[in-house]
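Content type mmCIF, C-alpha atoms and all ligand atoms, from the file entry32.cif:
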```
data_my_file
loop_
_atom_site.label_atom_id
_atom_site.label_comp_id
_atom_site.auth_asym_id
_atom_site.auth_seq_id
_atom_site.Cartn_x
_atom_site.Cartn_y
_atom_site.Cartn_z
CA MET A 379 48.18 14.34 -91.88
CA SER A 380 50.48 16.21 -89.57
CA ALA A 381 49.66 19.39 -87.70
CA THR A 382 51.93 21.36 -90.00
CA GLU A 383 51.07 20.88 -93.62
CA LYS A 384 52.27 22.60 -96.77
CA LYS A 385 49.46 24.38 -98.51
CA GLY A 386 50.71 26.28 -101.50
CA GLU A 387 53.48 28.51 -100.23
CA TYR A 388 51.98 28.59 -96.76
CA SER A 389 52.66 26.17 -94.03
CA VAL A 390 49.38 25.62 -92.21
CA ILE A 391 49.74 25.34 -88.47
CA TYR A 392 46.85 23.49 -86.83
CA ALA A 393 46.35 24.74 -83.28
CA ASP A 394 42.74 23.77 -82.65
CA ASN A 395 43.08 20.27 -81.23
CA ALA A 396 40.42 20.96 -78.60
CA ALA A 397 37.91 21.20 -81.47
CA THR A 398 39.08 18.00 -83.09
CA THR A 399 42.30 16.13 -83.75
CA PRO A 400 43.61 14.57 -86.96
CA MET A 401 43.31 10.77 -86.90
CA SER A 402 46.49 8.89 -86.10
CA GLU A 403 47.99 6.45 -88.62
CA VAL A 404 47.20 3.53 -86.36
CA ALA A 405 43.55 4.63 -86.07
CA ILE A 406 43.18 5.05 -89.84
CA ASN A 407 44.84 1.70 -90.54
CA THR A 408 42.66 -0.07 -88.00
CA MET A 409 39.53 1.52 -89.39
CA VAL A 410 40.33 0.57 -92.98
CA LYS A 411 41.29 -2.95 -91.98
CA VAL A 412 38.05 -3.54 -90.05
CA MET A 413 35.95 -1.99 -92.82
CA LYS A 414 37.54 -4.38 -95.32
CA GLU A 415 37.71 -7.50 -93.24
CA ASN A 416 34.86 -7.26 -90.73
CA PHE A 417 31.80 -5.86 -92.43
CA GLY A 418 29.47 -8.21 -90.57
CA ASN A 419 26.73 -7.17 -88.19
CA PRO A 420 27.89 -8.04 -84.67
CA SER A 421 24.34 -9.14 -83.82
CA SER A 422 24.33 -11.81 -86.56
CA LEU A 423 24.87 -15.36 -85.38
CA TYR A 424 26.86 -16.71 -88.33
CA SER A 425 30.63 -16.53 -88.36
CA ILE A 426 31.02 -13.22 -90.24
CA GLY A 427 28.82 -11.54 -87.66
CA GLN A 428 30.58 -13.22 -84.78
CA LYS A 429 33.96 -12.07 -86.13
CA ALA A 430 32.70 -8.48 -86.03
CA LYS A 431 31.41 -9.12 -82.53
CA GLU A 432 34.89 -10.26 -81.51
CA VAL A 433 36.42 -7.05 -82.87
CA LEU A 434 33.84 -5.06 -80.93
CA GLU A 435 34.48 -6.90 -77.66
CA GLU A 436 38.24 -6.64 -78.05
CA ALA A 437 37.85 -2.88 -78.43
CA ARG A 438 35.69 -2.82 -75.30
CA GLU A 439 38.33 -4.71 -73.33
CA GLU A 440 41.06 -2.40 -74.56
CA VAL A 441 39.17 0.81 -73.77
CA ALA A 442 38.19 -0.52 -70.33
CA ALA A 443 41.76 -1.49 -69.43
CA LEU A 444 43.05 1.95 -70.42
CA ILE A 445 40.84 3.75 -67.89
CA GLY A 446 40.89 1.17 -65.11
CA ALA A 447 37.39 -0.17 -65.77
CA SER A 448 36.00 -3.58 -66.63
CA PRO A 449 34.60 -4.23 -70.13
CA LYS A 450 31.00 -4.50 -68.91
CA GLU A 451 31.25 -0.92 -67.69
CA ILE A 452 31.86 0.48 -71.19
CA TYR A 453 28.97 1.54 -73.46
CA PHE A 454 29.81 2.72 -76.96
CA THR A 455 28.04 5.86 -78.15
CA SER A 456 28.11 8.23 -81.12
CA GLY A 457 30.43 10.58 -79.24
CA GLY A 458 30.82 12.83 -76.24
CA SER A 459 27.50 14.61 -76.58
CA GLU A 460 25.48 11.41 -76.57
CA ALA A 461 27.46 10.03 -73.63
CA ASP A 462 26.81 13.23 -71.64
CA ASN A 463 23.10 13.12 -72.45
CA GLN A 464 22.75 9.47 -71.52
CA ALA A 465 24.65 9.78 -68.25
CA ILE A 466 22.64 12.76 -67.07
CA ILE A 467 19.25 11.43 -68.19
CA SER A 468 20.01 8.10 -66.51
CA ALA A 469 20.89 9.77 -63.21
CA ALA A 470 17.75 11.91 -63.48
CA ASN A 471 15.58 8.83 -64.03
CA LEU A 472 17.11 7.18 -60.96
CA GLY A 473 16.47 10.42 -59.08
CA ILE A 474 12.80 10.42 -60.06
CA LYS A 475 12.46 6.89 -58.66
CA SER A 476 13.93 7.88 -55.31
CA GLY A 477 12.25 11.29 -55.15
CA LYS A 478 15.51 13.21 -55.64
CA LYS A 479 15.33 15.96 -58.20
CA HIS A 480 18.33 18.16 -57.56
CA ILE A 481 21.52 18.25 -59.65
CA VAL A 482 24.83 19.99 -58.98
CA SER A 483 27.01 21.14 -61.87
CA THR A 484 29.09 24.15 -62.90
CA ALA A 485 28.50 27.22 -65.03
CA PHE A 486 31.29 26.35 -67.46
CA GLU A 487 30.29 22.87 -68.62
CA HIS A 488 30.07 21.92 -72.28
CA HIS A 489 26.69 22.65 -73.87
CA ALA A 490 26.01 18.90 -74.13
CA VAL A 491 25.75 19.01 -70.33
CA LEU A 492 24.25 22.48 -69.86
CA HIS A 493 21.49 22.01 -72.44
CA THR A 494 20.56 18.60 -71.01
CA LEU A 495 20.30 20.21 -67.57
CA GLU A 496 18.10 22.97 -69.06
CA LYS A 497 15.79 20.30 -70.43
CA LEU A 498 15.58 18.62 -67.01
CA LYS A 499 14.77 21.95 -65.36
CA LYS A 500 11.68 22.14 -67.56
CA GLU A 501 10.77 18.70 -66.23
CA GLY A 502 10.87 19.90 -62.64
CA PHE A 503 14.49 19.34 -61.67
CA GLU A 504 16.37 21.93 -59.67
CA VAL A 505 19.91 22.60 -60.86
CA THR A 506 22.66 24.31 -58.87
CA LEU A 507 25.36 25.63 -61.19
CA LEU A 508 28.44 26.29 -59.09
CA ASP A 509 30.52 29.34 -59.79
CA VAL A 510 33.93 28.72 -61.18
CA HIS A 511 36.70 30.69 -59.56
CA GLU A 512 38.80 33.22 -61.45
CA ASN A 513 41.44 30.55 -62.01
CA GLY A 514 38.87 28.31 -63.72
CA LEU A 515 38.76 25.77 -60.90
CA VAL A 516 35.86 24.44 -58.86
CA ALA A 517 36.42 24.21 -55.11
CA PRO A 518 35.63 20.70 -53.76
CA GLU A 519 34.27 22.18 -50.51
CA GLU A 520 31.75 24.17 -52.54
CA VAL A 521 30.63 20.98 -54.22
CA ALA A 522 30.20 19.41 -50.78
CA ALA A 523 28.21 22.40 -49.57
CA ALA A 524 25.91 22.31 -52.61
CA ILE A 525 24.95 18.65 -52.18
CA ARG A 526 21.52 18.27 -50.53
CA GLU A 527 19.35 15.43 -49.27
CA ASP A 528 17.57 15.41 -52.63
CA THR A 529 20.67 15.59 -54.87
CA CYS A 530 20.70 12.76 -57.41
CA LEU A 531 23.75 13.78 -59.45
CA VAL A 532 26.91 15.84 -59.48
CA THR A 533 28.22 16.40 -63.01
CA ILE A 534 31.49 18.31 -63.36
CA MET A 535 33.83 18.24 -66.34
CA TYR A 536 37.32 16.80 -65.99
CA ALA A 537 39.09 19.42 -68.11
CA ASN A 538 37.51 22.47 -69.65
CA ASN A 539 37.45 22.59 -73.43
CA GLU A 540 38.05 26.33 -73.68
CA ILE A 541 40.49 27.23 -70.93
CA GLY A 542 41.93 23.76 -70.29
CA THR A 543 41.67 23.86 -66.51
CA ILE A 544 41.78 20.45 -64.82
CA GLN A 545 39.34 20.02 -61.95
CA PRO A 546 40.12 18.27 -58.66
CA ILE A 547 38.16 15.22 -59.84
CA ARG A 548 39.48 12.75 -57.26
CA GLU A 549 38.44 15.00 -54.36
CA ILE A 550 35.05 15.77 -55.86
CA GLY A 551 34.53 12.05 -56.49
CA LYS A 552 35.43 11.26 -52.89
CA ILE A 553 32.91 13.78 -51.59
CA CYS A 554 30.19 12.29 -53.80
CA ARG A 555 31.04 8.74 -52.62
CA GLU A 556 30.83 9.81 -48.99
CA LYS A 557 27.52 11.56 -49.57
CA LYS A 558 26.25 8.69 -51.74
CA VAL A 559 25.52 10.88 -54.74
CA LEU A 560 26.24 9.78 -58.32
CA PHE A 561 29.21 11.53 -59.89
CA HIS A 562 29.50 11.98 -63.65
CA THR A 563 32.38 13.71 -65.37
CA ASP A 564 32.59 14.89 -68.98
CA ALA A 565 36.18 13.81 -69.59
CA VAL A 566 36.15 14.41 -73.34
CA GLN A 567 39.16 16.76 -73.13
CA ALA A 568 41.02 14.58 -70.66
CA VAL A 569 40.78 10.99 -71.92
CA GLY A 570 43.93 10.14 -73.87
CA HIS A 571 45.67 13.28 -72.60
CA LEU A 572 45.88 12.63 -68.85
CA HIS A 573 46.28 9.40 -66.92
CA ILE A 574 42.81 8.39 -65.77
CA ASP A 575 41.77 5.64 -63.38
CA VAL A 576 38.03 5.68 -62.79
CA GLU A 577 38.27 3.50 -59.68
CA ALA A 578 41.00 5.49 -57.95
CA GLU A 579 39.31 8.76 -58.88
CA ASN A 580 35.89 7.76 -57.53
CA ILE A 581 34.15 8.33 -60.86
CA ASP A 582 30.71 6.74 -61.37
CA MET A 583 30.13 7.78 -64.97
CA MET A 584 32.51 9.27 -67.51
CA SER A 585 32.07 10.50 -71.10
CA ALA A 586 34.73 10.35 -73.80
CA SER A 587 34.96 11.06 -77.51
CA ALA A 588 37.35 9.47 -80.01
CA HIS A 589 37.92 12.50 -82.24
CA LYS A 590 39.49 14.41 -79.36
CA PHE A 591 42.27 11.82 -79.07
CA HIS A 592 43.18 11.14 -82.71
CA GLY A 593 40.34 8.70 -83.35
CA PRO A 594 37.40 9.07 -85.75
CA LYS A 595 34.49 11.48 -85.37
CA GLY A 596 31.07 10.15 -84.41
CA VAL A 597 32.34 7.57 -81.91
CA GLY A 598 32.71 7.75 -78.16
CA PHE A 599 31.98 5.87 -75.00
CA LEU A 600 30.35 6.18 -71.64
CA TYR A 601 31.87 4.47 -68.62
CA VAL A 602 29.23 3.44 -66.10
CA LYS A 603 30.26 1.86 -62.83
CA LYS A 604 28.82 -1.60 -62.23
CA GLY A 605 25.49 -1.50 -60.42
CA ILE A 606 24.31 1.84 -61.80
CA LYS A 607 21.19 1.45 -63.92
CA LEU A 608 21.57 3.14 -67.26
CA SER A 609 18.49 4.36 -69.18
CA ASN A 610 18.56 4.06 -72.94
CA ILE A 611 17.94 7.27 -74.82
CA ILE A 612 17.75 5.56 -78.21
CA GLU A 613 15.11 2.87 -78.49
CA GLY A 614 15.44 -0.15 -80.77
CA GLY A 615 17.49 -3.32 -80.78
CA ALA A 616 19.30 -4.90 -77.89
CA GLN A 617 22.81 -3.67 -78.73
CA GLU A 618 25.09 -2.55 -75.89
CA ARG A 619 23.27 -4.83 -73.46
CA GLY A 620 19.96 -3.19 -74.28
CA LYS A 621 21.16 0.29 -73.33
CA ARG A 622 22.00 1.77 -76.72
CA ALA A 623 20.11 0.61 -79.76
CA GLY A 624 21.57 0.70 -83.25
CA THR A 625 24.08 -1.42 -85.14
CA GLU A 626 27.51 -0.64 -83.74
CA ASP A 627 30.08 1.31 -85.76
CA VAL A 628 32.51 -1.59 -85.49
CA ALA A 629 35.28 0.02 -87.56
CA GLY A 630 34.98 3.35 -85.75
CA ILE A 631 34.96 1.67 -82.36
CA ALA A 632 38.00 -0.46 -83.20
CA ALA A 633 39.78 2.67 -84.46
CA MET A 634 38.87 4.50 -81.27
CA ALA A 635 40.39 1.72 -79.14
CA ALA A 636 43.54 1.70 -81.29
CA ALA A 637 43.84 5.49 -81.06
CA LEU A 638 43.38 5.45 -77.30
CA LYS A 639 45.93 2.72 -76.76
CA ASP A 640 48.40 4.65 -78.88
CA VAL A 641 47.96 8.01 -77.10
CA VAL A 642 47.81 6.61 -73.57
CA GLY A 643 51.17 4.94 -74.22
CA LYS A 644 52.60 8.32 -75.15
CA ILE A 645 51.05 10.51 -72.43
CA ASP A 646 54.25 11.01 -70.45
CA SER A 647 56.51 11.87 -73.38
CA ASN A 648 53.82 14.01 -75.05
CA THR A 649 53.23 15.90 -71.81
CA ASP A 650 56.91 16.76 -71.37
CA ASN A 651 57.09 17.92 -74.95
CA LEU A 652 53.82 19.89 -74.85
CA LEU A 653 54.54 21.60 -71.54
CA LYS A 654 57.72 23.17 -72.91
CA LYS A 655 55.87 24.46 -75.96
CA ARG A 656 52.80 25.58 -74.04
CA ASN A 657 54.86 27.46 -71.48
CA ARG A 658 56.88 29.16 -74.19
CA LEU A 659 53.64 30.22 -75.90
CA ILE A 660 52.27 31.63 -72.65
CA GLU A 661 55.52 33.46 -71.94
CA GLY A 662 55.60 34.91 -75.46
CA LEU A 663 51.96 36.04 -75.53
CA LYS A 664 52.21 37.58 -72.06
CA GLU A 665 54.54 40.17 -73.57
CA ILE A 666 51.55 41.66 -75.38
CA PRO A 667 50.39 44.65 -73.28
CA HIS A 668 46.95 44.43 -71.66
CA SER A 669 46.63 40.69 -72.13
CA ALA A 670 45.92 37.90 -69.66
CA LEU A 671 46.03 34.12 -69.57
CA ASN A 672 42.60 32.63 -68.89
CA GLY A 673 42.56 29.84 -66.33
CA ASP A 674 45.09 28.48 -63.89
CA SER A 675 48.64 28.17 -65.23
CA GLU A 676 49.39 24.95 -63.31
CA SER A 677 46.24 22.86 -63.25
CA ARG A 678 45.65 23.00 -66.99
CA LEU A 679 45.96 20.72 -70.00
CA PRO A 680 49.49 20.68 -71.42
CA SER A 681 48.03 21.52 -74.83
CA ASN A 682 45.91 24.53 -73.88
CA VAL A 683 46.67 28.23 -74.11
CA ASN A 684 43.83 30.74 -73.81
CA PHE A 685 44.32 34.49 -73.72
CA CYS A 686 42.26 37.63 -73.63
CA PHE A 687 43.59 40.74 -75.38
CA GLU A 688 41.90 43.98 -74.48
CA GLY A 689 40.57 46.24 -77.23
CA ILE A 690 40.11 43.68 -80.01
CA GLU A 691 37.58 41.12 -81.21
CA GLY A 692 38.41 37.44 -81.23
CA GLU A 693 36.72 36.87 -84.59
CA SER A 694 38.91 39.34 -86.48
CA LEU A 695 41.96 37.93 -84.72
CA LEU A 696 41.05 34.43 -85.93
CA LEU A 697 40.47 35.48 -89.52
CA LEU A 698 43.78 37.33 -89.72
CA LEU A 699 45.62 34.42 -88.10
CA ASP A 700 44.03 32.12 -90.66
CA ASP A 701 45.50 34.38 -93.36
CA LYS A 702 48.87 33.71 -91.80
CA GLY A 703 48.22 29.97 -91.88
CA ILE A 704 47.37 29.55 -88.20
CA GLN A 705 44.16 27.68 -87.33
CA ALA A 706 42.96 28.57 -83.86
CA SER A 707 39.72 29.27 -82.05
CA SER A 708 38.01 32.05 -80.17
CA GLY A 709 35.63 31.64 -77.28
CA SER A 710 32.91 33.76 -78.80
CA ALA A 711 30.08 31.86 -80.36
CA CYS A 712 29.77 34.07 -83.42
CA THR A 713 29.62 31.02 -85.64
CA SER A 714 26.34 30.09 -83.99
CA GLY A 715 24.88 33.39 -85.15
CA SER A 716 25.09 35.15 -81.80
CA LEU A 717 27.71 37.59 -80.65
CA ASP A 718 27.57 36.44 -77.05
CA PRO A 719 30.99 35.99 -75.56
CA SER A 720 31.97 32.57 -74.29
CA HIS A 721 29.96 31.35 -71.28
CA VAL A 722 33.20 29.88 -69.96
CA LEU A 723 35.03 33.22 -69.92
CA LEU A 724 32.02 34.92 -68.35
CA ALA A 725 31.92 32.14 -65.73
CA ILE A 726 35.50 32.90 -64.66
CA GLY A 727 34.58 36.56 -64.30
CA ARG A 728 35.79 38.16 -67.51
CA VAL A 729 33.62 41.13 -68.46
CA HIS A 730 31.92 41.10 -71.89
CA ASP A 731 34.38 43.42 -73.66
CA VAL A 732 37.41 41.53 -72.46
CA ALA A 733 35.86 38.11 -73.11
CA HIS A 734 35.26 39.16 -76.73
CA GLY A 735 38.98 39.44 -77.36
CA SER A 736 39.86 35.85 -76.64
CA LEU A 737 42.06 33.33 -78.40
CA ARG A 738 42.37 29.60 -77.76
CA LEU A 739 45.39 27.74 -79.07
CA SER A 740 45.24 24.00 -78.48
CA ILE A 741 48.52 22.57 -79.68
CA SER A 742 49.73 19.08 -80.50
CA GLU A 743 53.12 17.49 -79.96
CA ASP A 744 54.02 17.63 -83.63
CA LEU A 745 54.26 21.43 -83.75
CA SER A 746 57.92 22.43 -83.94
CA ASP A 747 59.66 25.08 -81.84
CA GLN A 748 59.74 27.24 -84.97
CA ASP A 749 55.97 26.86 -85.32
CA ILE A 750 55.56 28.08 -81.74
CA GLU A 751 57.78 31.13 -82.38
CA TYR A 752 55.85 31.82 -85.59
CA ILE A 753 52.55 31.73 -83.67
CA ILE A 754 53.86 34.17 -81.04
CA LYS A 755 55.18 36.55 -83.68
CA SER A 756 51.94 36.39 -85.70
CA VAL A 757 49.62 36.93 -82.73
CA LYS A 758 51.71 39.93 -81.64
CA GLU A 759 51.51 41.43 -85.13
CA VAL A 760 47.80 40.82 -85.56
CA VAL A 761 46.84 42.16 -82.12
CA GLU A 762 48.86 45.33 -82.73
CA TYR A 763 47.36 45.72 -86.19
CA LEU A 764 43.78 45.31 -84.97
CA ARG A 765 44.29 47.68 -82.06
CA GLY A 766 45.55 50.24 -84.59
CA PHE A 767 42.03 50.91 -85.82
CA SER A 768 39.90 49.74 -82.90
CA PRO A 769 37.72 52.53 -81.41
CA VAL A 770 37.56 50.54 -78.17
CA TRP A 771 41.35 50.53 -77.96
CA ARG A 772 41.51 54.28 -78.80
CA ASP A 773 39.16 55.06 -75.92
CA LEU A 774 41.29 52.97 -73.59
CA VAL A 775 44.50 54.66 -74.67
CA ASN A 776 42.96 58.14 -74.43
CA GLY A 777 41.74 57.39 -70.94
CA LYS A 778 38.05 57.67 -71.89
CA THR A 779 37.57 54.14 -70.57
CA GLN A 780 39.59 52.21 -68.05
CA PHE A 781 41.88 49.29 -68.84
CA ILE A 782 40.83 46.11 -67.09
CA LEU A 783 43.79 43.93 -67.94
C1 LIG A 801 34.00 17.97 -77.93
C2 LIG A 801 33.39 17.92 -76.59
C3 LIG A 801 32.13 17.31 -76.38
C4 LIG A 801 31.32 16.77 -77.51
O1 LIG A 801 31.86 15.59 -78.05
P1 LIG A 801 31.34 15.10 -79.48
O2 LIG A 801 31.99 13.77 -79.66
O3 LIG A 801 31.82 16.11 -80.47
O4 LIG A 801 29.86 15.01 -79.40
C5 LIG A 801 31.65 17.27 -75.09
N1 LIG A 801 32.34 17.78 -74.06
C6 LIG A 801 33.54 18.36 -74.22
C7 LIG A 801 34.26 18.88 -73.04
C8 LIG A 801 34.10 18.46 -75.49
O5 LIG A 801 35.27 19.06 -75.64
#
```
Structure rendered as structure tokens:
Amino acid sequence: MSATEKKGEYSVIYADNAATTPMSEVAINTMVKVMKENFGNPSSLYSIGQKAKEVLEEAREEVAALIGASPKEIYFTSGGSEADNQAIISAANLGIKSGKKHIVSTAFEHHAVLHTLEKLKKEGFEVTLLDVHENGLVAPEEVAAAIREDTCLVTIMYANNEIGTIQPIREIGKICREKKVLFHTDAVQAVGHLHIDVEAENIDMMSASAHKFHGPKGVGFLYVKKGIKLSNIIEGGAQERGKRAGTEDVAGIAAMAAALKDVVGKIDSNTDNLLKKRNRLIEGLKEIPHSALNGDSESRLPSNVNFCFEGIEGESLLLLLDDKGIQASSGSACTSGSLDPSHVLLAIGRVHDVAHGSLRLSISEDLSDQDIEYIIKSVKEVVEYLRGFSPVWRDLVNGKTQFIL
């Protein structure tokens, strides 16, 4: 499937690649091929099992090479969430052994990280959540200042899933190395989209998820630097060198490796292409009065655009855009039954009312220039339309309340 698909008379524009990506042809073909030809259990000793084992180990070698790791440092998981959980729990267990029960992270991590940290707090860990600056970036010197004698882990995401800001990972990693503290990064939004070298960037543990780089859902991996003792969070058989029980999803893992190889080979050309489109989107949406880009305009993913529009609600914006064939996302977690605005937008200092009117567009390289112009035109129309009957907007215009943006 391509990002732009005919659906009746509408052309559907998919602009929510941060939520998930369509699988690439090469990933689908690999998956089907392995499902047909390698159904064996990689733990079985006869030839059919050993063939599946070979497919698995080839995928491990491929994934490792693409991030500058060695195959023994790759553990396959069911996705980004599991990798985050396992990395953090492992560091916590090592911390318990050495009497260190303090963790440094940020306020705008993915919930897979934040909720795991919440759980650890109940078990007696102390967690420092660093503030994120207005531009959506963490300052390395603040990470350094937060590290204490009893810090067992620093976990900071590589690129934010909502506002796309890319953190100074290399510098943070260097600080952690110097202070001899484990450094984990949730790189789910970055792997396959940015060039990553775990060695050069001083990363000890790194999470990734296949469905964010045109691979299948339900598969991911955790990179763990040699010498760091991983704890298993799923008990059972001795798969993944005893660190992750359960028969491996051989086809999914092979498809993940194929997808990663494919996208990493295209990073440079995709980036050039995406940057032009992203910057045009930003320029176009900035023309909407009382709007603002969320997050730094330079240190951000080439695919990410995130705006706040004063006086409207993100949910209505999304529904009306969907009517126009545009699939996007809003920061507010109304789907989860709460009307709380995004914790990421609050973390960068947006007030509640402003954070409610947010829109995330995460584009892919196969959107055309016409698609981009259509998105700009549609968002302008929908924002104006919604403001037309918004009491919040009326109060702002009449001077009863003050504009913030
Ligand atoms: C999607 C995402 C996850 C979760 O990955 P799954 O494979 O869906 O479990 C974790 N962190 C970030 C930053 C993500 O974008």
Quick one: of A:Pro518, A:Gly418, A:Gly473, A:Gly598, who's nearest to ligand LIG 801 (chain A), counting only C-alpha atoms and all ligand atoms?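 Nearest candidate to ligand LIG 801 (chain A) out of A:Pro518, A:Gly418, A:Gly473, A:Gly598: A:Gly598.
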Got a sec: who's within 8 Å of Asp462 of chain A, counting all atoms listed in the file, leaving out chain neighbours fewer than 4 positions off, as an MDAnalysis selection string? chainID A and resid 458 466 490:491 564 585 600
Identify, counting only C-alpha atoms and all ligand atoms, the protein, DNA and RNA residues located within 6 Å of ligand LIG 801 (chain A), and give them as a PyMOL selection string. chain A and resi 457-459+488+490+538-539+564+566-567+587
Would you mind listing what lies within 7 Å of Leu659 of chain A as a PyMOL selection string, with only C-alpha atoms counted and same-chain residues fewer than 3 positions away left out? chain A and resi 655-656+662-663+750+754
For Asn672 of chain A, the nearest of the candidates A:Leu696, A:Leu572, A:Ile541, A:Ala523, counting all atoms listed in the file: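 Checking each of A:Leu696, A:Leu572, A:Ile541, A:Ala523 against Asn672 of chain A, counting all atoms listed in the file, the winner is A:Ile541.
Of the listed residues A:Ile452, A:Leu498, A:Ala447, A:Ile606, the one whose atoms come nearest to Leu472 of chain A is A:Ile606, with distances taken using only C-alpha atoms.
If you look at atom CA of Pro546 of chain A and atom CA of Leu508 of chain A, they are 14.2 Å away from each other.
For the pair atom CA of Gly620 of chain A and atom CA of Leu608 of chain A, the separation is 9.6 Å.
For Asp749 of chain A, the list of residues within 10 Å, based on only C-alpha atoms and with local chain neighbours fewer than 6 positions off taken out, reads Thr382, Ser389, Val390, Ile391, Tyr392, Lys655, Ile704 and Lys755 of chain A.
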Keeping only C-alpha atoms, write those residues as a PDB file, keeping the file's coordinate frame.
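To be explicit, this is the file written out as part-v5.pdb:
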```
ATOM      1  CA  THR A 382      51.930  21.360 -90.000  1.00  0.00           C
ATOM      2  CA  SER A 389      52.660  26.170 -94.030  1.00  0.00           C
ATOM      3  CA  VAL A 390      49.380  25.620 -92.210  1.00  0.00           C
ATOM      4  CA  ILE A 391      49.740  25.340 -88.470  1.00  0.00           C
ATOM      5  CA  TYR A 392      46.850  23.490 -86.830  1.00  0.00           C
ATOM      6  CA  LYS A 655      55.870  24.460 -75.960  1.00  0.00           C
ATOM      7  CA  ILE A 704      47.370  29.550 -88.200  1.00  0.00           C
ATOM      8  CA  LYS A 755      55.180  36.550 -83.680  1.00  0.00           C
TER       9      LYS A 755
END
```
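Picture a line from atom CA of Phe503 of chain A to atom CA of Gln545 of chain A; it runs 24.9 Å.
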Considering all atoms listed in the file, can you say which of A:Ile690, A:Ile611, A:Ala565, A:Leu695 comes closest to Trp771 of chain A?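 Among A:Ile690, A:Ile611, A:Ala565, A:Leu695, it is A:Ile690 that comes nearest to Trp771 of chain A.
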Box time for segment 549-559 of chain A: axis-aligned, enclosing all its listed atoms, 6 Å extra on each side; report centre and edge lengths in Å to one decimal, as JSON.
```
{"center_x": 32.0, "center_y": 12.2, "center_z": -52.7, "size_x": 24.9, "size_y": 19.1, "size_z": 19.5}
```
Exercise: residues within 12 Å of coordinate (49.5, 2.3, -71.1), counting only C-alpha atoms, as an mmCIF file with C-alpha atoms, in the coordinates of the input:
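selection-v2.cif, written as the output of this step:
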```
data_model
loop_
_atom_site.group_PDB
_atom_site.id
_atom_site.type_symbol
_atom_site.label_atom_id
_atom_site.label_comp_id
_atom_site.auth_asym_id
_atom_site.auth_seq_id
_atom_site.Cartn_x
_atom_site.Cartn_y
_atom_site.Cartn_z
ATOM 1 C CA GLU A 440 41.060 -2.400 -74.560
ATOM 2 C CA VAL A 441 39.170 0.810 -73.770
ATOM 3 C CA ALA A 442 38.190 -0.520 -70.330
ATOM 4 C CA ALA A 443 41.760 -1.490 -69.430
ATOM 5 C CA LEU A 444 43.050 1.950 -70.420
ATOM 6 C CA ILE A 445 40.840 3.750 -67.890
ATOM 7 C CA GLY A 446 40.890 1.170 -65.110
ATOM 8 C CA GLY A 570 43.930 10.140 -73.870
ATOM 9 C CA HIS A 571 45.670 13.280 -72.600
ATOM 10 C CA LEU A 572 45.880 12.630 -68.850
ATOM 11 C CA HIS A 573 46.280 9.400 -66.920
ATOM 12 C CA ILE A 574 42.810 8.390 -65.770
ATOM 13 C CA ASP A 575 41.770 5.640 -63.380
ATOM 14 C CA ALA A 636 43.540 1.700 -81.290
ATOM 15 C CA ALA A 637 43.840 5.490 -81.060
ATOM 16 C CA LEU A 638 43.380 5.450 -77.300
ATOM 17 C CA LYS A 639 45.930 2.720 -76.760
ATOM 18 C CA ASP A 640 48.400 4.650 -78.880
ATOM 19 C CA VAL A 641 47.960 8.010 -77.100
ATOM 20 C CA VAL A 642 47.810 6.610 -73.570
ATOM 21 C CA GLY A 643 51.170 4.940 -74.220
ATOM 22 C CA LYS A 644 52.600 8.320 -75.150
ATOM 23 C CA ILE A 645 51.050 10.510 -72.430
ATOM 24 C CA ASP A 646 54.250 11.010 -70.450
#
```
Could you name the residues that touch segment 699-701 of chain A at 12 Å or less, counting all atoms listed in the file, but leaving out those on the same chain fewer than 2 positions away, as a PyMOL selection string? chain A and resi 385+388-394+692-697+703-708+737-739+752-761+763-764
